[in-house]
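Undergrad: Have a look at this one before I ask anything.
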Amino acid sequence: MELSKNFEPQSIENKWYHHWLEKQYFSSLPDDREPYTIVMPPPNVTGVLHMGHCLNNTIQDILIRRARMSGKNACWVPGTDHASIATEAKVVGMLREKGIAKSSLTREEFLKYAWEWKEKYGGIILQQLKKLGCSLDWNRTSFTMDKDYYASVIKVFVDLYEKGLIYRGKRMVNWDPVGLTALSDEEVIFKEIDSKLYYVNYKSADDSSLSITVATTRPETILGDVAICVNPSDERYKNIIGKEVIVPIINRRIPVISDDYVDATFGTGALKITPAHDKNDHLIGTKYKLKIIDTLDEKGSFTDIDLKDDQPSSQVLSYVGMDRFALRKKIAEDISTIGQLEKTESYKGQVGTSERTGAVIESRLSLQWFLNMEGFMKKNPDTLHSVMNDTIQFHPSKTKNTYSHWLENIKDWCISRQLWWGQQIPAWYDKEGNFVVAENEEKAKVAYAQKYSDSNPTLQQDEDCLDTWFSSWLWPIEVFKGISHPGNKEIDYYYPTTTLVTGQDIIFFWVARMIMAGYEYKGSVPFKDVYFTGMVRDKLGRKMSKQLGNSPDLLALIDQYGADATRFGIMIASPAGNDILFDESSLEQGRNFNNKIWNALKLVKMWEGRQDETAIENQFALDWFENRLREVSIEVDNLMQQFRISEALKTIYSLIWDDFCSWYLEWVKPGFEQPISKSVYEKTIHYFTELLQLLHPFMPFITEEVYHLLSERTDDICNRQQQPVAPAEEEMLRNGQLLKNVITGIRDIRNKQQIKPKETIELFIQTEEKAIYKKIETILAKQTNTEKLSYTEENVASAITSVIGKDKLYIIAKQPVNSDNQIAELQKELDYFKGFLLSVDKKLSNEKFVQNAKPEIIALERKKKSDAEAKIKAIEESLSLLK
RNA sequence: GGGAGCAUAGCUCAGUUGGUUUAGAGCAUCUGCCUUACAAGCAGAGGGUCCGCGGUUCGAGCCCGUGUGCUCCCA
């Protein structure tokens with residue numbers, strides 16, 4: 001069989017993925033094994049694969065594949081989120097392109113379009129995950145608007161309402177004037193924006209000698225002003241507190257009041273109070289029972305609806321329908337015209353924007369549904385405790401702080417959205433606005449009849465739907481139908497799930513709320529470990545964004561480098577808990593690693609037909625690698641248990657590239673067209689197989705391919721079970737290290753003395769541990785191109801000297817020795833060790849150190865001292881020979 | 001404005017209750033090799049005031065304080 005020059009991923013990836021699916025390796029059903037369960041964070045149903053998905057799904061796949069290979073019943077559940085705002089915005093956009101306005105459609109018509117869109121584009125992202133090699137149990141694919149899932153969300157709403165934890169109320173909410181919906185606090189992104197501070201003068205109503213100037217960033221809300229507020233201790237305004245001033249343009253009389261809330265150092269120290277348009281103003285308004293005058297409609301345009309009492313002038317009426325930003329300029333101009341705009345200053349301020357539409361958020365009073373968080377947390381205090389006491393372990397642990405800080409300052413959760421795409425709120429209203437909450441209309445009628453003694457009411461369901469996160473917080477429970485069909489076999493087996501892998505950005509949106517739902521509906525944690533990935537940035541540390549165009553096309557990368565190299569590239573650069581700086585060069589490194597493995601395969605395959613019972617054994621190499629393999633397997637286990645995945649991959653990478661390819665294979669490699677010992681060959685196949693198994697979770701495709709090419713197989717590596725590993729023997733590892741050091745030392749000398757690789761040398765070894773050298777001398781001679789190797793008890797004249805540990809090596813080459821070079825090298829080494837000895841001596845001669853330090857530390861320092869002295873002695877002897 | 005985190009080689013990061021050779025790795029760099037698995041490779045090397053200052057300690061990259069710079073979260 002002819003193997004290609006380099007590894008060609010494109011030709012094998014589909015083949016193996018289909019094979020794995022055919023064998024149903026990824027399907028899981030409850031059995032008597034221990035479960036290892038991961039629920040995938042459901043991406044938006046209309047989303048496409050980006051670097052963030054690539055990172056966290058690769059991590060999940062690594063975890064789940066390792067679990068599958070270690071005797072666990074591995075179950076990884078895929079699915080998508082209906083993502084109400086994002087999806088609805090896309091559908092509205094699509095309809096607009098077709099010339100259809102959402103407002104011209106009924107709810108039913110709109111939802112028909114939305115479902116069509118979902119069927120057409122939904123789940124593309126799940127297909128893309130197959131390309132990446134993700135071993136998901138596709139039979140379990142879930143969607144947050146599946147029939148049962150929908151029912152479970154409604155059930156939970158009704159349940160929480162009946163428990164008194166959900167209420168409806170008129171509150172200041174974050175209003176998105178573009179999306180036309182309320183948002184939860186978490187969906188508001190604060191941005192620094194350049195704006196202006198307008199200094200507006202308000203004249204006193206009754207005393208023409210008095211006036212007060214207010215600094216505001218929002219003159220467009222001025223017609224909604226109901227008071228001016230100053231700090232009671234502010235000397236400047238003592239004489240105006242309690243008096244009335246006139247709001248410009250609208251000419252409304254409003255009081256000047258005082259409250260500690262006002263910061264006397266900001267602006268002029270006087271604040272205009274507009275309770276309809278600012279959260280803090282609203283609080284003050286409530287405190288002083290001020291009127292609420294709303295001057296902006298749902299789209300953020302001016303409305304005179306609350307201005308009837310003011311008998312608005314034609315000037316005021318001319319503002320009607322004007323957008324808030326145009327209105328800001330217009331009102332500023334008009335105030336300036338009447339001479340009451342004192343000045344403007346540029347100002348950098350924080351402005352809330354919508355996470356989804358980017359629109360500047362308005363604070364707006366409206367009737368919404370809320371979840372009472374204080375009540376909820378009182379009922380489920382373990383939501384906080386389980387994380388703080390590590391019942392749920394957060395990785396990295398610093399995220400615990402963020403979590404507790406949020407929970408301790410938690411506000412009520414606004415769960416209603418003015419959207420159609422989502423679970424429609426199960427509340428039914430009569431004409432007067434009286435309502436009942438029930439799972440369906442039928443039950444609502446019964447409930448209404450009981451409550452209002454009307455057996456045949458005309459009821460209408462709430463138009464709004466629920467926040468997407470109000471459905472995804474049930475994800476780890478409802479993917480196993482734990483709410484719609486409680487107590488079923490699956491939920492009992494798979495829940496709590498094992499590990500959650502997700503981004504730090506949704507710790508509040510999702511992680512915290514899943515823990516809340518876990519306690520409320522299952523009485524336990526939803527998962528045992530949470531691994532938070534960082535954000536994927538470009539190599540300059542910038543966020544990936546469409547505007548910057550720095551977001552790579554993942555599928556193109558997979559096509560170019562292969563899925564394994566892509567997985568390798570993103571994982572190797574991904575330190576636990578930190579942001580990752582993505583650079584395509586790490587994918588190249590992954591591709592090169594593929595080739596390295598491929599070429600090792602080619603080498604080993606060349607030996608297949610050259611096995612010979614009589615060829616020389618190379619027991620040292622076999623024993624050493626056996627032990628090295630054990631050592632690394634155990635190390636990788638430890639690293640993986642601590643979720644140090646990137647380090648585990650680095651460790652395996654180095655084991656394969658350095659230990660296996662650069663050392664072991666070279667040590668056992670027979671000469672050109674020479675036979676190889678049958679047992680060495682078989683051991684080599686065995687080690688190679690073990691390496692592939694270790695690497696498989698990280699790079700599934702190439703490992704499966706090479707596994708099958710290496711030898712006739714009846715099984716697949718995908719499902720090969722890890723055998724227990726015995727601890728490594730320290731002595732073998734030490735001897736292997738000595739051999740490496742000696743070889744490297746001699747090669748270094750060859751390099752520095754410019755002895756050509758092809759030129760042979762003669763080597764004398766002066767050592768007290770001849771027995772060890774005897775075991776490694778064959779490999780040593782081969783690897784250093786030594787023609788004649790012998791042992792000596794004394795110095796060898798006119799040789800190049802190297803000191804390895806306490807041993808001295810004398811090298812005789814055919815060409816003359818450059819002794820100046822030699823002396824300089826040795827002198828440099830001598831200086832280092834002398835300095836080192838000095839620092840050790842200083843410690844040992846310090847009485848307090850000897851008194852206080854632990855005995856093993858002192859013993860170690862003594863050993864350092866004697867080692868250094870021996871080394872210095874050896875170097876000095878060599879130097880004296882040269883001089 | 002409130003909170004959290006970070007600062008170690010050119011870059012990205014390790015560095016485990018303070019002592020394991022006056023700090024390690026990968027990538028990049030430099031030198032030498034077209035050695036019959038691999039030049040997308042092989043062999044070797046160089047490179048660091050562990051952000052500044054102060055403290056605790058026999059001993060600090062690690063602990064404490066402080067300053068500076070950066071990042072994130074919240075309002």
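Naming scheme: A, B, ... for chains in displayed order of the structure tokens; residues 1 onward per chain; ligands 1 onward as shown.
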What's the 12 Å shell around A60 of chain B, counting only C-alpha atoms (C1' of nucleotides), without same-chain residues fewer than 5 positions away, as number ranges by chain?
TA: B: 18-19, 50, 55
Undergrad: As a PyMOL selection string, please: the residues near Gln128 of chain A (cut-off 10 Å, only C-alpha atoms (C1' of nucleotides), same-chain neighbours under 2 positions excluded).
TA: chain A and resi 48-50+54+123-126+130-134+554-555
Undergrad: In Å, rounded to a single decimal, give me how far atom CA of Thr778 of chain A is from atom CA of Thr614 of chain A.
TA: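 Spanning atom CA of Thr614 of chain A to atom CA of Thr778 of chain A is a straight-line distance of 17.2 Å.
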Undergrad: Please provide the set of residues having any atom within 10 Å of U21 of chain B, restricted to only C-alpha atoms (C1' of nucleotides), with same-chain residues fewer than 3 positions apart removed, written as a count of residues only.
TA: 11
Undergrad: Give me, as number ranges by chain, all polymer residues having an atom no more than 6 Å from segment 708-723 of chain A, counting only C-alpha atoms (C1' of nucleotides) and skipping those fewer than 3 positions away in the same chain.
TA: A: 69-70, 704-705
Undergrad: What would the file look like if the residues just selected were written as an mmCIF file, in the first residue's frame with all heavy atoms?
TA:
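Result file is selection.cif:
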data_model
loop_
_atom_site.group_PDB
_atom_site.id
_atom_site.type_symbol
_atom_site.label_atom_id
_atom_site.label_comp_id
_atom_site.auth_asym_id
_atom_site.auth_seq_id
_atom_site.Cartn_x
_atom_site.Cartn_y
_atom_site.Cartn_z
ATOM 1 N N MET A 69 -14.163 6.684 26.259
ATOM 2 C CA MET A 69 -13.040 5.732 26.182
ATOM 3 C C MET A 69 -12.630 5.231 27.561
ATOM 4 O O MET A 69 -11.679 4.463 27.667
ATOM 5 C CB MET A 69 -11.841 6.403 25.502
ATOM 6 C CG MET A 69 -12.086 6.723 24.032
ATOM 7 S SD MET A 69 -10.793 7.787 23.370
ATOM 8 C CE MET A 69 -9.731 6.563 22.599
ATOM 9 N N SER A 70 -13.309 5.707 28.605
ATOM 10 C CA SER A 70 -12.896 5.245 29.919
ATOM 11 C C SER A 70 -14.052 4.611 30.684
ATOM 12 O O SER A 70 -14.187 4.770 31.884
ATOM 13 C CB SER A 70 -12.253 6.368 30.713
ATOM 14 O OG SER A 70 -13.112 7.486 30.719
ATOM 15 N N GLU A 704 -8.046 7.874 14.221
ATOM 16 C CA GLU A 704 -8.822 6.715 13.752
ATOM 17 C C GLU A 704 -8.201 6.150 12.476
ATOM 18 O O GLU A 704 -8.040 4.937 12.332
ATOM 19 C CB GLU A 704 -10.274 7.129 13.510
ATOM 20 C CG GLU A 704 -11.230 5.981 13.250
ATOM 21 C CD GLU A 704 -11.520 5.150 14.497
ATOM 22 O OE1 GLU A 704 -12.455 5.470 15.256
ATOM 23 O OE2 GLU A 704 -10.780 4.156 14.704
ATOM 24 N N GLU A 705 -7.823 7.043 11.568
ATOM 25 C CA GLU A 705 -7.235 6.609 10.292
ATOM 26 C C GLU A 705 -5.928 5.851 10.529
ATOM 27 O O GLU A 705 -5.729 4.754 10.008
ATOM 28 C CB GLU A 705 -7.001 7.851 9.411
ATOM 29 C CG GLU A 705 -6.297 7.583 8.090
ATOM 30 C CD GLU A 705 -7.191 6.910 7.050
ATOM 31 O OE1 GLU A 705 -8.394 6.740 7.324
ATOM 32 O OE2 GLU A 705 -6.668 6.551 5.981
#
Undergrad: I need the chain B residues near chain A as JSON, numbers by chain; criterion: at most 6 Å, counting only C-alpha atoms (C1' of nucleotides).
TA: {"B": [37, 38, 40, 44, 58]}
Undergrad: Mind checking which residues fall within 10 Å of Pro727 of chain A, counting only C-alpha atoms (C1' of nucleotides), ignoring those fewer than 3 positions away in the same chain, and posting them as an MDAnalysis selection string?
TA: chainID A and resid 627:634 724 730
Undergrad: Could you write those residues out with N, CA, C and O atoms, as a PDB file, in the first residue's frame?
TA:
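Contents of result07.pdb, freshly written:
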ATOM      1  N   ASN A 627       7.933   3.253  30.163  1.00  0.00           N
ATOM      2  CA  ASN A 627       7.803   4.022  31.394  1.00  0.00           C
ATOM      3  C   ASN A 627       7.429   5.482  31.149  1.00  0.00           C
ATOM      4  O   ASN A 627       6.677   6.084  31.896  1.00  0.00           O
ATOM      5  N   ARG A 628       7.974   6.012  30.083  1.00  0.00           N
ATOM      6  CA  ARG A 628       7.658   7.389  29.721  1.00  0.00           C
ATOM      7  C   ARG A 628       6.159   7.506  29.378  1.00  0.00           C
ATOM      8  O   ARG A 628       5.497   8.466  29.751  1.00  0.00           O
ATOM      9  N   LEU A 629       5.656   6.527  28.673  1.00  0.00           N
ATOM     10  CA  LEU A 629       4.246   6.486  28.298  1.00  0.00           C
ATOM     11  C   LEU A 629       3.357   6.443  29.539  1.00  0.00           C
ATOM     12  O   LEU A 629       2.354   7.148  29.637  1.00  0.00           O
ATOM     13  N   ARG A 630       3.770   5.591  30.485  1.00  0.00           N
ATOM     14  CA  ARG A 630       2.997   5.522  31.731  1.00  0.00           C
ATOM     15  C   ARG A 630       3.003   6.866  32.442  1.00  0.00           C
ATOM     16  O   ARG A 630       1.969   7.342  32.897  1.00  0.00           O
ATOM     17  N   GLU A 631       4.181   7.442  32.528  1.00  0.00           N
ATOM     18  CA  GLU A 631       4.308   8.709  33.243  1.00  0.00           C
ATOM     19  C   GLU A 631       3.373   9.764  32.646  1.00  0.00           C
ATOM     20  O   GLU A 631       2.647  10.456  33.361  1.00  0.00           O
ATOM     21  N   VAL A 632       3.401   9.856  31.301  1.00  0.00           N
ATOM     22  CA  VAL A 632       2.594  10.894  30.655  1.00  0.00           C
ATOM     23  C   VAL A 632       1.103  10.582  30.749  1.00  0.00           C
ATOM     24  O   VAL A 632       0.291  11.488  30.967  1.00  0.00           O
ATOM     25  N   SER A 633       0.727   9.299  30.642  1.00  0.00           N
ATOM     26  CA  SER A 633      -0.707   8.965  30.744  1.00  0.00           C
ATOM     27  C   SER A 633      -1.264   9.443  32.078  1.00  0.00           C
ATOM     28  O   SER A 633      -2.372   9.989  32.148  1.00  0.00           O
ATOM     29  N   ILE A 634      -0.483   9.215  33.121  1.00  0.00           N
ATOM     30  CA  ILE A 634      -0.939   9.609  34.457  1.00  0.00           C
ATOM     31  C   ILE A 634      -0.994  11.133  34.568  1.00  0.00           C
ATOM     32  O   ILE A 634      -1.950  11.704  35.105  1.00  0.00           O
ATOM     33  N   PRO A 724      -6.084   0.374  32.745  1.00  0.00           N
ATOM     34  CA  PRO A 724      -5.406   1.034  33.871  1.00  0.00           C
ATOM     35  C   PRO A 724      -3.895   1.094  33.630  1.00  0.00           C
ATOM     36  O   PRO A 724      -3.326   0.187  33.028  1.00  0.00           O
ATOM     37  N   GLU A 730      10.977   5.167  38.308  1.00  0.00           N
ATOM     38  CA  GLU A 730      11.806   6.366  38.302  1.00  0.00           C
ATOM     39  C   GLU A 730      13.175   6.122  37.687  1.00  0.00           C
ATOM     40  O   GLU A 730      13.696   6.951  36.951  1.00  0.00           O
TER      41      GLU A 730
END
Undergrad: Just give me the gap between atom CA of Met172 of chain A and atom CA of Asp297 of chain A in Å, one decimal is fine.
TA: 14.2 Å
Undergrad: Which residue out of B:A25, B:C64, B:C53, B:A75 has the minimum interatomic distance to G1 of chain B when only C-alpha atoms (C1' of nucleotides) are used?
TA: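 Once distances to G1 of chain B are computed over only C-alpha atoms (C1' of nucleotides), the minimum belongs to B:A75.
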Undergrad: With DSSP run on the backbone, what are the strand (DSSP E or B) residues within segment 117-326 of chain A? I'd like them as a ChimeraX atom specification.
TA: /A:142-143,166-176,181-183,188-204,211-216,227-230,244-246,253-258,270-273,296,301-302,323
Undergrad: Please produce a file of the residues just selected, as a PDB file, in the first residue's frame, where the atoms kept are C-alpha atoms.
TA:
ATOM      1  CA  SER A 142     -33.687  19.303  21.126  1.00  0.00           C
ATOM      2  CA  PHE A 143     -35.180  22.693  20.413  1.00  0.00           C
ATOM      3  CA  ILE A 166     -44.232  35.761  39.292  1.00  0.00           C
ATOM      4  CA  TYR A 167     -46.094  39.039  39.268  1.00  0.00           C
ATOM      5  CA  ARG A 168     -47.264  41.604  36.754  1.00  0.00           C
ATOM      6  CA  GLY A 169     -46.453  45.211  37.390  1.00  0.00           C
ATOM      7  CA  LYS A 170     -45.883  48.638  35.942  1.00  0.00           C
ATOM      8  CA  ARG A 171     -42.180  49.215  36.279  1.00  0.00           C
ATOM      9  CA  MET A 172     -39.395  51.158  34.740  1.00  0.00           C
ATOM     10  CA  VAL A 173     -37.951  48.767  32.191  1.00  0.00           C
ATOM     11  CA  ASN A 174     -35.172  48.894  29.647  1.00  0.00           C
ATOM     12  CA  TRP A 175     -37.029  49.617  26.443  1.00  0.00           C
ATOM     13  CA  ASP A 176     -35.598  48.879  23.016  1.00  0.00           C
ATOM     14  CA  THR A 181     -39.660  45.288  23.444  1.00  0.00           C
ATOM     15  CA  ALA A 182     -38.593  45.356  27.060  1.00  0.00           C
ATOM     16  CA  LEU A 183     -35.210  43.879  27.904  1.00  0.00           C
ATOM     17  CA  VAL A 188     -28.320  45.985  28.076  1.00  0.00           C
ATOM     18  CA  ILE A 189     -24.754  46.736  27.034  1.00  0.00           C
ATOM     19  CA  PHE A 190     -23.226  49.923  28.368  1.00  0.00           C
ATOM     20  CA  LYS A 191     -21.088  51.838  25.936  1.00  0.00           C
ATOM     21  CA  GLU A 192     -19.082  54.986  26.261  1.00  0.00           C
ATOM     22  CA  ILE A 193     -20.498  57.528  23.862  1.00  0.00           C
ATOM     23  CA  ASP A 194     -19.481  61.092  23.045  1.00  0.00           C
ATOM     24  CA  SER A 195     -22.363  63.361  23.832  1.00  0.00           C
ATOM     25  CA  LYS A 196     -23.050  66.891  24.962  1.00  0.00           C
ATOM     26  CA  LEU A 197     -23.978  68.407  28.253  1.00  0.00           C
ATOM     27  CA  TYR A 198     -26.579  71.156  27.736  1.00  0.00           C
ATOM     28  CA  TYR A 199     -26.810  73.905  30.345  1.00  0.00           C
ATOM     29  CA  VAL A 200     -30.443  74.983  30.414  1.00  0.00           C
ATOM     30  CA  ASN A 201     -31.681  77.930  32.443  1.00  0.00           C
ATOM     31  CA  TYR A 202     -35.058  77.680  34.225  1.00  0.00           C
ATOM     32  CA  LYS A 203     -36.538  80.992  35.278  1.00  0.00           C
ATOM     33  CA  SER A 204     -38.310  81.438  38.573  1.00  0.00           C
ATOM     34  CA  SER A 211     -33.261  81.278  38.132  1.00  0.00           C
ATOM     35  CA  ILE A 212     -31.531  77.938  38.178  1.00  0.00           C
ATOM     36  CA  THR A 213     -29.379  76.224  35.570  1.00  0.00           C
ATOM     37  CA  VAL A 214     -29.471  72.516  34.987  1.00  0.00           C
ATOM     38  CA  ALA A 215     -26.887  70.438  33.091  1.00  0.00           C
ATOM     39  CA  THR A 216     -28.528  67.661  31.105  1.00  0.00           C
ATOM     40  CA  ALA A 227     -39.259  69.141  39.294  1.00  0.00           C
ATOM     41  CA  ILE A 228     -35.729  70.398  39.759  1.00  0.00           C
ATOM     42  CA  CYS A 229     -33.741  68.701  42.490  1.00  0.00           C
ATOM     43  CA  VAL A 230     -30.644  69.943  44.341  1.00  0.00           C
ATOM     44  CA  GLU A 244     -41.300  77.203  41.558  1.00  0.00           C
ATOM     45  CA  VAL A 245     -39.584  77.570  38.202  1.00  0.00           C
ATOM     46  CA  ILE A 246     -40.863  77.507  34.631  1.00  0.00           C
ATOM     47  CA  ARG A 253     -44.597  75.481  36.748  1.00  0.00           C
ATOM     48  CA  ILE A 254     -42.528  72.942  38.653  1.00  0.00           C
ATOM     49  CA  PRO A 255     -41.082  72.942  42.183  1.00  0.00           C
ATOM     50  CA  VAL A 256     -37.433  73.001  43.190  1.00  0.00           C
ATOM     51  CA  ILE A 257     -36.954  70.214  45.716  1.00  0.00           C
ATOM     52  CA  SER A 258     -33.923  68.863  47.564  1.00  0.00           C
ATOM     53  CA  ALA A 270     -29.049  70.851  39.900  1.00  0.00           C
ATOM     54  CA  LEU A 271     -30.878  67.921  38.356  1.00  0.00           C
ATOM     55  CA  LYS A 272     -34.048  68.006  36.304  1.00  0.00           C
ATOM     56  CA  ILE A 273     -36.516  65.313  37.298  1.00  0.00           C
ATOM     57  CA  LEU A 296     -41.862  59.596  24.079  1.00  0.00           C
ATOM     58  CA  SER A 301     -40.743  59.594  19.008  1.00  0.00           C
ATOM     59  CA  PHE A 302     -42.318  62.618  20.618  1.00  0.00           C
ATOM     60  CA  ASP A 323     -37.499  61.034  16.564  1.00  0.00           C
TER      61      ASP A 323
END
Undergrad: Tell me which protein, DNA and RNA residues are within 8 Å of segment 156-158 of chain A, counting only C-alpha atoms (C1' of nucleotides), leaving out same-chain ones fewer than 4 positions away, and put them as a list of chain:residue names.
TA: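 So the residues in contact are A:Ser152, A:Glu162, A:Ile166, A:Pro426, A:Val437, A:Ala438, A:Glu439.
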Undergrad: What separation in Å, quoted to one decimal, exists between atom CA of Asp807 of chain A and atom CA of Asn785 of chain A?
TA: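 Atom CA of Asp807 of chain A sits 19.7 Å away from atom CA of Asn785 of chain A.
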Undergrad: Counting only C-alpha atoms (C1' of nucleotides), which of A:Ala67, A:Ala101, A:Met535, A:Ala563 gets nearest to C72 of chain B?
TA: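 Going through A:Ala67, A:Ala101, A:Met535, A:Ala563 one by one, the smallest distance to C72 of chain B is for A:Met535.
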Undergrad: Name all residues at most 12 Å from G54 of chain B (count only C-alpha atoms (C1' of nucleotides); drop same-chain ones fewer than 4 positions away) and give them as a list of chain:residue names.
TA: B:C64, B:G65, B:U66, B:G67
Undergrad: Those selected residues, please, written with N, CA, C and O atoms (P, O5', C5', C4', C3', O3' and C1' of nucleotides) and delivered as a tab-separated table (two decimals), in the first residue's frame.
TA:
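again_16.tsv, freshly written:
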chain	number	residue	atom	x	y	z
B	64	C	P	-1.55	38.35	49.52
B	64	C	O5'	-1.05	39.45	50.56
B	64	C	C5'	-1.50	39.44	51.91
B	64	C	C4'	-0.89	40.60	52.65
B	64	C	C3'	-1.05	41.95	51.97
B	64	C	O3'	-2.31	42.54	52.22
B	64	C	C1'	1.20	41.69	52.65
B	65	G	P	-2.96	43.49	51.10
B	65	G	O5'	-2.10	44.82	51.23
B	65	G	C5'	-2.16	45.59	52.41
B	65	G	C4'	-1.16	46.71	52.34
B	65	G	C3'	-1.28	47.63	51.14
B	65	G	O3'	-2.30	48.60	51.31
B	65	G	C1'	0.99	47.07	51.48
B	66	U	P	-3.06	49.17	50.04
B	66	U	O5'	-1.94	50.02	49.31
B	66	U	C5'	-1.48	51.26	49.86
B	66	U	C4'	-0.31	51.77	49.06
B	66	U	C3'	-0.58	52.00	47.57
B	66	U	O3'	-1.23	53.23	47.32
B	66	U	C1'	1.44	50.80	47.81
B	67	G	P	-2.21	53.37	46.08
B	67	G	O5'	-1.19	53.63	44.88
B	67	G	C5'	-0.40	54.81	44.87
B	67	G	C4'	0.69	54.70	43.84
B	67	G	C3'	0.22	54.42	42.42
B	67	G	O3'	-0.25	55.58	41.76
B	67	G	C1'	2.02	52.99	42.93
